[in-house]
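Peer 1: Below is one structure. I have some questions about it.
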Amino acid sequence: MGFLEKKASSGVEPTPNAKPTPNGFAANGDSLLLTPGPLKTSASVKNAMLYDYGSRDSAFVEVTQRVRKQVVNVLQGENEDLTAVLLQGSGTYAVEAMLTQFVPAAGKVIIFCNGAYGKRMGQICDANGRHYEMVVSAESEPLDASAVNEVLDAHPDASHVAIIACETTTGVLNPVSEIADAVKIRGKRLLIDAMSSFGIVDLDANMPFDAIAASSNKSLQGSPGLGFVIANKQALTEGADNANSLSLDLYAQWNGFEATGEWRFTPPTHCLLALGQALDEFETEGGTLGRRTRYAANCKTLVDGMRKYGFETVVADESQAPVIVTFRMPNNPKFEFQDFYGRLSLKGYVIYPGKLTTEPSFRVGCVGNVFPTDMQGFIEVVGHTLEEMDISL
Ligand SMILES: *Cc1c(COP(=O)(O)O)cnc(C)c1O
């Protein structure tokens with residue numbers, strides 16, 4: 001019996017986390033990841049990886065083509081001009097492929113940066129000899145779409161603009177569609193890193209953009225190992241010769257998928273099967289709206305609970321995407337982050353250090369196969385941990 005037949009009858013019900021224990025550990029010792037990637041995956045997504053496929057297997061080729069369609073369908077609305085190019089590697093590989101494929105060596109990209117992932121785009125341009133202008137603004141605030149106009153007017157030589165939809169550094173949500181309109185009016189091309197927002201923030205398929213990069217292991221809840229770029233076919237064709245890397249050449253990768261349905265180099269077979277299952281579960285949950293609704297409930301449970309203990313958030317509630325929440329490091333000498341982190345992970349909850357350059361902070365994710373009851377469990381464990389550390393905030 002082939003994988004696809006089994007899959008067709010699987011009913012794609014997401015399995016809840018096996019976790020009736022009083023702490024974050026599942027009965028099998030699995031921890032609850034409250035991080036921005038990799039994320040907690042469902043047991044059914046993990047189970048989808050139990051099959052070995054050859055890269056030329058027709059069943060595997062079918063999964064490749066199905067996943068390519070499904071990721072485009074995550075966008076709101078329909079646009080026949082778009083195509084998805086899957087790529088081996090983590091999200092950064094997809095961002096690097098996007099920037100180097102679409103920005104020609106003679107071009108120039110304006111990077112609007114309000115966090116670490118904007119900075120990373122600058123590093124990518126440095127490594128690949130692409131001209132860029134880095135426009136830095138406060139990490140705790142969304143990009144200001146009206147300031148974007150001024151910057152674009154000041155740089156008439158720029159060919160492209162690159163932004164991060166949700167800056168995972170803080171979890172701040174940037175005004176993507178307003179910026180897209182401003183970029184279009186000034187005749188520039190837009191490239192979007194939508195890594196952590198893809199599948200929870202509405203992104204319109206008909207918004208003017210050349211490409212959107214995302215990955216398997218963020219809000220789509222697949223396993224890590226695969227990135228993808230949703231590209232406007234014409235822009236991709238125009239940039240056919242731009243790539244300065246063999247393995248990150250999106251145009252060549254696209255041609256391979258279109259010609260034979262096969263990957264140019266060894267595909268991440270298990271990861272793709274997991275993503276196929278994860279996308280089915282995404283659709284079963286009600287797509288972007290369904291997923292956002294659950295993540296927002298996670299985020300609210302988290303923020304309300306942490307505020308009761310006296311923790312403060314860095315980003316204002318109205319600019320907070322339900323992805324990851326940045327908390328100020330408490331001003332209490334007894335609160336030593338490594339100790340707090342270690343005690344929580346011993347109890348099965350993995351959180352994340354902060355990435356803010358301006359002040360000490362730590363982060364807790366609300367994405368992945370995680371539910372409000374899990375967040376409630378986390379809040380209780382934080383309470384016990386603070387008691388152990390003899391801290392009242
Ligand atoms: C996670 C993430 C990336 C990619 O990071 P990888 O570690 O390469 O997967 C890029 N941009 C944003 C905004 C992200 O959240």
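We name chains A, B, ... following the order of the structure tokens; residues begin at 1 in each chain, and ligands are numbered from 1 as shown.
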Can you work out which residues are within 10 Å of ligand 1, considering only C-alpha atoms and all ligand atoms, and then hand them over as a CSV table (one decimal) with all heavy atoms, in the first residue's frame?
Peer 2:
chain,number,residue,atom,x,y,z
A,36,PRO,N,10.6,30.3,18.7
A,36,PRO,CA,10.1,30.8,17.4
A,36,PRO,C,10.6,29.9,16.2
A,36,PRO,O,10.6,30.3,15.1
A,36,PRO,CB,10.7,32.2,17.2
A,36,PRO,CG,12.0,32.1,18.0
A,36,PRO,CD,11.8,31.1,19.1
A,37,GLY,N,11.1,28.7,16.4
A,37,GLY,CA,11.5,27.8,15.4
A,37,GLY,C,12.8,27.2,15.7
A,37,GLY,O,13.7,27.9,16.1
A,38,PRO,N,13.0,25.8,15.7
A,38,PRO,CA,11.9,24.9,15.4
A,38,PRO,C,10.7,25.0,16.4
A,38,PRO,O,10.9,25.5,17.5
A,38,PRO,CB,12.5,23.5,15.4
A,38,PRO,CG,13.8,23.7,16.1
A,38,PRO,CD,14.2,25.1,16.0
A,89,GLY,N,17.1,23.4,3.0
A,89,GLY,CA,17.7,24.3,3.9
A,89,GLY,C,16.7,25.1,4.8
A,89,GLY,O,15.5,24.9,4.7
A,90,SER,N,17.2,25.9,5.7
A,90,SER,CA,16.4,26.6,6.6
A,90,SER,C,15.9,27.9,5.9
A,90,SER,O,16.2,28.2,4.8
A,90,SER,CB,17.1,27.0,7.9
A,90,SER,OG,18.0,28.1,7.7
A,91,GLY,N,15.1,28.7,6.7
A,91,GLY,CA,14.5,29.9,6.1
A,91,GLY,C,15.6,30.9,5.6
A,91,GLY,O,15.3,31.5,4.5
A,92,THR,N,16.7,31.0,6.2
A,92,THR,CA,17.7,31.9,5.7
A,92,THR,C,18.2,31.5,4.3
A,92,THR,O,18.5,32.4,3.5
A,92,THR,CB,18.9,31.9,6.7
A,92,THR,OG1,18.4,32.2,8.0
A,92,THR,CG2,20.0,32.9,6.3
A,93,TYR,N,18.2,30.3,4.0
A,93,TYR,CA,18.6,29.8,2.6
A,93,TYR,C,17.6,30.4,1.6
A,93,TYR,O,18.0,30.9,0.5
A,93,TYR,CB,18.6,28.3,2.5
A,93,TYR,CG,19.7,27.6,3.3
A,93,TYR,CD1,19.8,27.7,4.6
A,93,TYR,CD2,20.7,26.8,2.6
A,93,TYR,CE1,20.8,27.1,5.3
A,93,TYR,CE2,21.7,26.2,3.3
A,93,TYR,CZ,21.7,26.3,4.7
A,93,TYR,OH,22.7,25.7,5.4
A,94,ALA,N,16.3,30.4,2.0
A,94,ALA,CA,15.3,30.9,1.1
A,94,ALA,C,15.4,32.4,1.0
A,94,ALA,O,15.3,33.0,-0.1
A,94,ALA,CB,13.9,30.5,1.6
A,95,VAL,N,15.7,33.1,2.1
A,95,VAL,CA,15.9,34.6,2.0
A,95,VAL,C,17.1,34.9,1.1
A,95,VAL,O,17.1,35.8,0.3
A,95,VAL,CB,16.0,35.2,3.4
A,95,VAL,CG1,16.3,36.7,3.3
A,95,VAL,CG2,14.8,34.9,4.2
A,96,GLU,N,18.2,34.2,1.3
A,96,GLU,CA,19.4,34.4,0.5
A,96,GLU,C,19.1,34.2,-0.9
A,96,GLU,O,19.5,34.9,-1.8
A,96,GLU,CB,20.6,33.6,1.0
A,96,GLU,CG,21.9,33.8,0.3
A,96,GLU,CD,23.1,33.5,1.2
A,96,GLU,OE1,23.0,33.0,2.3
A,96,GLU,OE2,24.2,33.8,0.7
A,115,GLY,N,15.0,45.0,13.3
A,115,GLY,CA,15.3,43.9,14.1
A,115,GLY,C,16.4,43.0,13.4
A,115,GLY,O,17.0,43.3,12.4
A,116,ALA,N,16.7,41.9,14.0
A,116,ALA,CA,17.8,41.0,13.7
A,116,ALA,C,17.7,40.5,12.3
A,116,ALA,O,18.7,40.2,11.6
A,116,ALA,CB,18.0,39.9,14.7
A,117,TYR,N,16.5,40.2,11.8
A,117,TYR,CA,16.3,39.5,10.5
A,117,TYR,C,16.5,40.5,9.4
A,117,TYR,O,16.9,40.2,8.3
A,117,TYR,CB,15.0,38.8,10.4
A,117,TYR,CG,15.0,37.6,11.3
A,117,TYR,CD1,14.3,37.6,12.6
A,117,TYR,CD2,15.7,36.5,11.0
A,117,TYR,CE1,14.4,36.5,13.4
A,117,TYR,CE2,15.8,35.4,11.9
A,117,TYR,CZ,15.1,35.4,13.1
A,117,TYR,OH,15.2,34.3,13.9
A,118,GLY,N,16.2,41.8,9.7
A,118,GLY,CA,16.6,42.9,8.7
A,118,GLY,C,18.1,43.0,8.6
A,118,GLY,O,18.6,43.1,7.5
A,120,ARG,N,20.2,40.6,9.1
A,120,ARG,CA,20.7,39.5,8.4
A,120,ARG,C,20.6,39.7,6.9
A,120,ARG,O,21.4,39.2,6.1
A,120,ARG,CB,19.9,38.2,8.8
A,120,ARG,CG,20.5,36.9,8.3
A,120,ARG,CD,19.8,35.7,8.8
A,120,ARG,NE,20.0,35.5,10.2
A,120,ARG,CZ,19.4,34.5,10.9
A,120,ARG,NH1,18.6,33.7,10.3
A,120,ARG,NH2,19.6,34.4,12.2
A,121,MET,N,19.5,40.3,6.4
A,121,MET,CA,19.4,40.6,5.0
A,121,MET,C,20.6,41.4,4.5
A,121,MET,O,21.1,41.2,3.4
A,121,MET,CB,18.2,41.4,4.7
A,121,MET,CG,16.9,40.5,4.7
A,121,MET,SD,15.5,41.6,4.2
A,121,MET,CE,14.3,40.4,3.7
A,163,ILE,N,11.6,43.8,3.1
A,163,ILE,CA,11.1,44.0,4.4
A,163,ILE,C,10.9,42.6,5.1
A,163,ILE,O,10.8,41.6,4.4
A,163,ILE,CB,9.8,44.8,4.4
A,163,ILE,CG1,8.7,44.1,3.6
A,163,ILE,CG2,10.0,46.2,4.0
A,163,ILE,CD1,7.3,44.7,3.8
A,164,ILE,N,10.7,42.7,6.4
A,164,ILE,CA,10.3,41.5,7.2
A,164,ILE,C,8.9,41.7,7.6
A,164,ILE,O,8.5,42.8,8.1
A,164,ILE,CB,11.2,41.4,8.5
A,164,ILE,CG1,12.6,41.7,8.2
A,164,ILE,CG2,10.9,40.1,9.2
A,164,ILE,CD1,13.4,40.7,7.5
A,165,ALA,N,8.0,40.8,7.3
A,165,ALA,CA,6.6,41.0,7.6
A,165,ALA,C,6.4,41.0,9.1
A,165,ALA,O,5.8,42.0,9.6
A,165,ALA,CB,5.7,39.9,7.0
A,166,CYS,N,6.8,40.0,9.8
A,166,CYS,CA,6.8,40.1,11.3
A,166,CYS,C,8.2,39.9,11.7
A,166,CYS,O,8.8,38.9,11.5
A,166,CYS,CB,5.9,38.9,11.8
A,166,CYS,SG,6.1,38.7,13.6
A,167,GLU,N,8.7,40.9,12.4
A,167,GLU,CA,10.1,40.8,12.9
A,167,GLU,C,10.1,39.9,14.2
A,167,GLU,O,9.6,40.3,15.2
A,167,GLU,CB,10.7,42.2,13.3
A,167,GLU,CG,11.9,42.6,12.5
A,167,GLU,CD,13.1,41.6,12.6
A,167,GLU,OE1,13.1,40.7,13.4
A,167,GLU,OE2,14.0,41.8,11.7
A,168,THR,N,10.7,38.7,14.0
A,168,THR,CA,10.6,37.7,15.0
A,168,THR,C,11.5,38.1,16.2
A,168,THR,O,11.5,37.5,17.3
A,168,THR,CB,11.0,36.3,14.5
A,168,THR,OG1,10.5,36.3,13.1
A,168,THR,CG2,10.4,35.2,15.3
A,169,THR,N,12.4,39.1,16.0
A,169,THR,CA,13.2,39.6,17.1
A,169,THR,C,12.4,40.0,18.3
A,169,THR,O,12.7,39.7,19.4
A,169,THR,CB,14.0,40.9,16.6
A,169,THR,OG1,14.7,40.5,15.4
A,169,THR,CG2,15.0,41.3,17.6
A,170,THR,N,11.3,40.7,18.0
A,170,THR,CA,10.4,41.2,19.0
A,170,THR,C,9.0,40.6,18.9
A,170,THR,O,8.2,40.5,19.9
A,170,THR,CB,10.2,42.7,19.0
A,170,THR,OG1,9.9,43.0,17.6
A,170,THR,CG2,11.5,43.4,19.4
A,171,GLY,N,8.6,40.2,17.7
A,171,GLY,CA,7.2,39.8,17.4
A,171,GLY,C,6.4,41.0,16.9
A,171,GLY,O,5.2,40.9,16.9
A,192,ILE,N,9.7,40.1,0.3
A,192,ILE,CA,9.2,40.0,1.7
A,192,ILE,C,9.8,38.8,2.3
A,192,ILE,O,9.6,37.6,1.8
A,192,ILE,CB,7.7,40.0,1.7
A,192,ILE,CG1,7.1,41.2,0.9
A,192,ILE,CG2,7.1,39.9,3.1
A,192,ILE,CD1,5.6,41.1,0.7
A,193,ASP,N,10.3,38.9,3.5
A,193,ASP,CA,10.6,37.8,4.4
A,193,ASP,C,9.4,37.6,5.3
A,193,ASP,O,9.2,38.4,6.2
A,193,ASP,CB,11.9,38.1,5.2
A,193,ASP,CG,12.1,37.1,6.3
A,193,ASP,OD1,11.3,36.2,6.6
A,193,ASP,OD2,13.2,37.2,7.0
A,194,ALA,N,8.6,36.6,5.0
A,194,ALA,CA,7.4,36.4,5.8
A,194,ALA,C,7.5,35.2,6.7
A,194,ALA,O,6.5,34.6,7.1
A,194,ALA,CB,6.2,36.3,4.8
A,195,MET,N,8.7,34.8,7.0
A,195,MET,CA,9.0,33.6,7.7
A,195,MET,C,8.0,33.3,8.8
A,195,MET,O,7.3,32.2,8.8
A,195,MET,CB,10.4,33.6,8.3
A,195,MET,CG,11.1,32.3,8.3
A,195,MET,SD,11.4,31.6,6.7
A,195,MET,CE,12.4,32.9,5.8
A,196,SER,N,7.9,34.1,9.8
A,196,SER,CA,7.2,33.7,11.0
A,196,SER,C,5.7,34.1,10.9
A,196,SER,O,4.9,33.7,11.7
A,196,SER,CB,7.8,34.3,12.3
A,196,SER,OG,7.8,35.7,12.2
A,197,SER,N,5.4,34.9,9.9
A,197,SER,CA,4.0,35.4,9.7
A,197,SER,C,3.2,34.6,8.7
A,197,SER,O,2.0,34.6,8.7
A,197,SER,CB,3.9,36.9,9.4
A,197,SER,OG,4.8,37.1,8.3
A,198,PHE,N,3.9,33.8,7.9
A,198,PHE,CA,3.3,33.0,6.8
A,198,PHE,C,2.3,32.0,7.4
A,198,PHE,O,2.7,31.2,8.2
A,198,PHE,CB,4.3,32.3,6.0
A,198,PHE,CG,3.8,31.8,4.7
A,198,PHE,CD1,3.7,32.6,3.6
A,198,PHE,CD2,3.4,30.5,4.6
A,198,PHE,CE1,3.2,32.2,2.4
A,198,PHE,CE2,2.9,30.0,3.4
A,198,PHE,CZ,2.8,30.8,2.3
A,213,ALA,N,9.4,35.0,1.0
A,213,ALA,CA,10.1,33.8,1.4
A,213,ALA,C,9.6,33.3,2.8
A,213,ALA,O,9.2,34.1,3.6
A,213,ALA,CB,11.6,34.1,1.6
A,214,ALA,N,9.5,32.0,2.9
A,214,ALA,CA,9.0,31.4,4.2
A,214,ALA,C,9.6,30.0,4.3
A,214,ALA,O,10.4,29.6,3.5
A,214,ALA,CB,7.5,31.4,4.3
A,215,SER,N,9.2,29.3,5.4
A,215,SER,CA,9.9,28.0,5.6
A,215,SER,C,8.9,27.0,6.2
A,215,SER,O,7.8,27.4,6.6
A,215,SER,CB,11.1,28.1,6.5
A,215,SER,OG,10.7,28.3,7.9
A,216,SER,N,9.3,25.8,6.2
A,216,SER,CA,8.4,24.7,6.6
A,216,SER,C,8.1,24.7,8.1
A,216,SER,O,7.1,24.2,8.6
A,216,SER,CB,9.1,23.3,6.3
A,216,SER,OG,10.4,23.2,6.8
A,217,ASN,N,9.1,25.2,8.9
A,217,ASN,CA,9.0,24.9,10.3
A,217,ASN,C,8.5,26.1,11.2
A,217,ASN,O,8.7,26.0,12.4
A,217,ASN,CB,10.4,24.5,10.8
A,217,ASN,CG,11.4,25.6,10.9
A,217,ASN,OD1,12.0,25.9,9.9
A,217,ASN,ND2,11.5,26.2,12.0
A,218,LYS,N,7.9,27.1,10.6
A,218,LYS,CA,7.3,28.1,11.5
A,218,LYS,C,5.8,27.9,11.6
A,218,LYS,O,5.5,26.8,12.0
A,218,LYS,CB,7.8,29.5,11.0
A,218,LYS,CG,9.3,29.6,11.2
A,218,LYS,CD,9.8,30.9,11.8
A,218,LYS,CE,11.2,30.7,12.2
A,218,LYS,NZ,12.0,31.9,12.1
A,219,SER,N,5.0,28.8,11.3
A,219,SER,CA,3.6,28.7,11.6
A,219,SER,C,2.9,27.6,10.8
A,219,SER,O,1.8,27.3,11.1
A,219,SER,CB,2.9,30.0,11.4
A,219,SER,OG,3.6,31.0,12.3
A,224,PRO,N,11.7,21.2,10.5
A,224,PRO,CA,12.7,22.1,9.9
A,224,PRO,C,13.4,21.4,8.8
A,224,PRO,O,13.5,20.2,8.7
A,224,PRO,CB,13.8,22.3,11.1
A,224,PRO,CG,13.2,21.7,12.3
A,224,PRO,CD,12.1,20.8,11.9
A,225,GLY,N,13.9,22.2,7.8
A,225,GLY,CA,14.7,21.6,6.7
A,225,GLY,C,14.4,22.1,5.3
A,225,GLY,O,15.1,21.7,4.4
A,226,LEU,N,13.4,22.9,5.2
A,226,LEU,CA,13.0,23.3,3.9
A,226,LEU,C,12.4,24.7,3.9
A,226,LEU,O,11.7,25.1,4.8
A,226,LEU,CB,11.9,22.3,3.5
A,226,LEU,CG,11.2,22.2,2.2
A,226,LEU,CD1,10.5,20.9,2.1
A,226,LEU,CD2,10.2,23.3,2.0
A,227,GLY,N,12.9,25.5,3.0
A,227,GLY,CA,12.4,26.8,2.8
A,227,GLY,C,11.7,26.9,1.4
A,227,GLY,O,11.7,26.0,0.6
A,323,VAL,N,3.0,35.6,17.7
A,323,VAL,CA,4.1,34.7,17.2
A,323,VAL,C,5.0,34.5,18.4
A,323,VAL,O,5.3,33.3,18.8
A,323,VAL,CB,4.9,35.4,16.1
A,323,VAL,CG1,6.1,34.6,15.7
A,323,VAL,CG2,4.0,35.5,14.8
A,324,ILE,N,5.6,35.5,18.9
A,324,ILE,CA,6.5,35.4,20.0
A,324,ILE,C,6.4,36.7,20.8
A,324,ILE,O,6.2,37.8,20.2
A,324,ILE,CB,8.0,35.2,19.5
A,324,ILE,CG1,8.9,34.9,20.6
A,324,ILE,CG2,8.5,36.4,18.7
A,324,ILE,CD1,10.2,34.2,20.2
Peer 1: With stretch 174-190 of chain A as the partner and 12 Å as the cut-off, tabulate the residues of stretch 216-304 of chain A that qualify, each row holding the nearest pair of atoms and their distance in Å to one decimal, using only C-alpha atoms, sorted by chain and rising number, as a tab-separated table.
Peer 2:
residue	atom	partner	partner_atom	distance
A:Ala231	CA	A:Leu190	CA	10.9
A:Asn232	CA	A:Leu190	CA	10.8
A:Ala235	CA	A:Arg189	CA	9.1
A:Leu236	CA	A:Arg189	CA	11.8
A:Gly239	CA	A:Arg189	CA	12.0
Peer 1: Would you mind telling me which residue in A:Asp30, A:Glu78, A:Asp390, A:Asp157 lies nearest to A:Glu336 when using only C-alpha atoms?
Peer 2: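 Going through A:Asp30, A:Glu78, A:Asp390, A:Asp157 one by one, the smallest distance to A:Glu336 is for A:Asp390.
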Peer 1: Which polymer residues have any atom within 9 Å of an atom of stretch 56-70 of chain A, counting only C-alpha atoms, with same-chain residues fewer than 5 positions away left out, as a CSV table (one decimal) with N, CA and C atoms, in the first residue's frame?
Peer 2:
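Output file selection_15.csv follows:
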chain,number,residue,atom,x,y,z
A,2,GLY,N,0.6,2.1,-0.9
A,2,GLY,CA,1.5,3.3,-1.1
A,2,GLY,C,1.2,4.4,-0.1
A,3,PHE,N,2.1,5.2,0.1
A,3,PHE,CA,2.0,6.3,1.1
A,3,PHE,C,0.8,7.2,0.8
A,4,LEU,N,0.6,7.5,-0.5
A,4,LEU,CA,-0.5,8.4,-0.8
A,4,LEU,C,-1.9,7.8,-0.5
A,83,THR,N,4.2,31.3,-8.5
A,83,THR,CA,4.7,29.9,-8.4
A,83,THR,C,5.5,29.7,-7.2
A,84,ALA,N,5.5,28.5,-6.6
A,84,ALA,CA,6.3,28.3,-5.4
A,84,ALA,C,7.5,27.5,-5.8
A,85,VAL,N,8.7,27.9,-5.3
A,85,VAL,CA,9.9,27.2,-5.5
A,85,VAL,C,10.4,26.7,-4.2
A,86,LEU,N,10.4,25.4,-4.0
A,86,LEU,CA,10.9,24.9,-2.7
A,86,LEU,C,12.4,24.8,-2.7
A,228,PHE,N,11.0,28.0,1.2
A,228,PHE,CA,10.4,28.2,-0.1
A,228,PHE,C,10.2,29.7,-0.4
A,230,ILE,N,7.8,32.1,-2.8
A,230,ILE,CA,6.6,32.3,-3.7
A,230,ILE,C,6.9,33.5,-4.6
A,257,PHE,N,11.5,21.8,-11.3
A,257,PHE,CA,10.1,21.4,-10.9
A,257,PHE,C,9.2,21.4,-12.0
A,260,THR,N,10.4,18.3,-14.8
A,260,THR,CA,10.3,16.9,-14.4
A,260,THR,C,9.5,16.7,-13.0
A,261,GLY,N,9.3,17.7,-12.3
A,261,GLY,CA,8.7,17.6,-11.0
A,261,GLY,C,9.7,17.2,-10.0
A,262,GLU,N,11.0,17.1,-10.4
A,262,GLU,CA,12.0,16.6,-9.5
A,262,GLU,C,12.8,17.8,-8.9
A,263,TRP,N,13.5,17.5,-7.8
A,263,TRP,CA,14.4,18.5,-7.2
A,263,TRP,C,15.7,18.3,-7.9
A,269,THR,N,13.3,14.5,1.7
A,269,THR,CA,12.1,13.8,1.5
A,269,THR,C,11.2,13.7,2.7
A,272,LEU,N,9.6,17.0,3.5
A,272,LEU,CA,8.5,17.4,2.6
A,272,LEU,C,7.2,16.6,2.9
A,273,LEU,N,7.3,15.3,3.3
A,273,LEU,CA,6.2,14.6,3.7
A,273,LEU,C,5.5,15.2,4.9
A,275,LEU,N,5.7,18.3,5.8
A,275,LEU,CA,5.1,19.6,5.4
A,275,LEU,C,3.8,19.3,4.7
A,276,GLY,N,3.7,18.3,3.9
A,276,GLY,CA,2.4,17.9,3.2
A,276,GLY,C,1.3,17.7,4.3
A,279,LEU,N,0.4,20.9,6.1
A,279,LEU,CA,-0.5,21.8,5.3
A,279,LEU,C,-1.9,21.3,5.3
A,280,ASP,N,-2.1,20.0,5.3
A,280,ASP,CA,-3.4,19.4,5.5
A,280,ASP,C,-4.0,19.8,6.8
Peer 1: Could you pull the residues within 12 Å of A:Ile200, counting only C-alpha atoms, minus those fewer than 5 positions along the same chain, as a PyMOL selection string?
Peer 2: chain A and resi 74-76+165-166+173+194-195+218-221+282+285-296+321-323+366-368
Peer 1: Just the residues within 6 Å of stretch 305-313 of chain A, please, counting only C-alpha atoms, with nothing from its chain fewer than 6 positions along; format it as an MDAnalysis selection string.
Peer 2: chainID A and resid 326:328 379 393
Peer 1: List as a ChimeraX atom specification the protein and nucleic acid residues near A:Ala138, meaning an atom at most 9 Å away when only C-alpha atoms are counted, but skip any in the same chain fewer than 5 places from it.
Peer 2: /A:113-115,143
Peer 1: Might you pull out every residue within 12 Å of A:Ala105, with only C-alpha atoms counted and same-chain residues fewer than 3 positions away left off, and present them as an NGL selection string?
Peer 2: :A and (99-102 or 108-109 or 125-126 or 128-132 or 159-160 or 239 or 241-244)
Peer 1: Any chance you could export the current selection's N, CA, C and O atoms as a short mmCIF file (atom, residue, chain, number, x, y, z; two decimals), in the first residue's frame?
Peer 2:
data_model
loop_
_atom_site.label_atom_id
_atom_site.label_comp_id
_atom_site.auth_asym_id
_atom_site.auth_seq_id
_atom_site.Cartn_x
_atom_site.Cartn_y
_atom_site.Cartn_z
N LEU A 99 16.95 37.13 -2.28
CA LEU A 99 17.66 38.40 -2.50
C LEU A 99 18.60 38.31 -3.69
O LEU A 99 18.70 39.23 -4.50
N THR A 100 19.30 37.18 -3.82
CA THR A 100 20.31 37.09 -4.88
C THR A 100 19.68 36.78 -6.24
O THR A 100 20.26 37.06 -7.27
N GLN A 101 18.49 36.20 -6.24
CA GLN A 101 17.84 35.92 -7.52
C GLN A 101 17.14 37.16 -8.08
O GLN A 101 17.10 37.35 -9.29
N PHE A 102 16.59 37.96 -7.20
CA PHE A 102 15.76 39.06 -7.70
C PHE A 102 16.52 40.37 -7.78
O PHE A 102 16.21 41.20 -8.63
N LYS A 108 20.07 47.71 -6.59
CA LYS A 108 20.29 48.18 -5.22
C LYS A 108 18.99 47.96 -4.45
O LYS A 108 17.91 48.28 -4.95
N VAL A 109 19.13 47.40 -3.26
CA VAL A 109 17.93 47.10 -2.47
C VAL A 109 17.94 47.95 -1.20
O VAL A 109 18.97 48.08 -0.54
N CYS A 125 23.48 40.45 1.66
CA CYS A 125 23.92 41.31 0.55
C CYS A 125 25.44 41.48 0.58
O CYS A 125 26.08 41.44 -0.47
N ASP A 126 26.02 41.64 1.77
CA ASP A 126 27.48 41.75 1.89
C ASP A 126 28.14 40.50 1.32
O ASP A 126 29.11 40.57 0.57
N ASN A 128 27.16 38.48 -0.82
CA ASN A 128 26.90 38.19 -2.23
C ASN A 128 27.16 39.37 -3.15
O ASN A 128 26.75 39.35 -4.32
N GLY A 129 27.76 40.42 -2.61
CA GLY A 129 28.08 41.57 -3.46
C GLY A 129 26.86 42.27 -4.02
O GLY A 129 26.83 42.64 -5.18
N ARG A 130 25.83 42.42 -3.20
CA ARG A 130 24.66 43.19 -3.65
C ARG A 130 24.67 44.55 -2.96
O ARG A 130 24.94 44.66 -1.76
N HIS A 131 24.38 45.60 -3.72
CA HIS A 131 24.33 46.95 -3.15
C HIS A 131 23.06 47.10 -2.34
O HIS A 131 22.00 46.65 -2.77
N TYR A 132 23.20 47.73 -1.19
CA TYR A 132 22.00 47.93 -0.37
C TYR A 132 22.11 49.17 0.49
O TYR A 132 23.19 49.70 0.71
N SER A 159 16.49 49.71 -6.91
CA SER A 159 15.61 48.91 -7.76
C SER A 159 14.60 48.11 -6.93
O SER A 159 13.51 47.81 -7.38
N HIS A 160 15.02 47.75 -5.69
CA HIS A 160 14.20 46.86 -4.87
C HIS A 160 14.06 47.37 -3.44
O HIS A 160 14.87 48.17 -2.97
N GLY A 239 14.82 37.67 -13.72
CA GLY A 239 16.03 37.55 -12.90
C GLY A 239 16.77 36.24 -13.12
O GLY A 239 17.63 35.86 -12.33
N ASP A 241 19.19 35.12 -14.73
CA ASP A 241 20.66 35.02 -14.73
C ASP A 241 21.31 35.65 -13.50
O ASP A 241 22.53 35.75 -13.43
N ASN A 242 20.51 36.10 -12.56
CA ASN A 242 21.09 36.86 -11.43
C ASN A 242 21.79 36.00 -10.40
O ASN A 242 22.70 36.47 -9.72
N ALA A 243 21.36 34.75 -10.24
CA ALA A 243 21.88 33.95 -9.12
C ALA A 243 23.39 33.80 -9.23
O ALA A 243 23.92 33.56 -10.31
N ASN A 244 24.08 33.97 -8.11
CA ASN A 244 25.53 33.78 -8.12
C ASN A 244 25.90 32.54 -7.33
O ASN A 244 26.99 32.43 -6.81
#
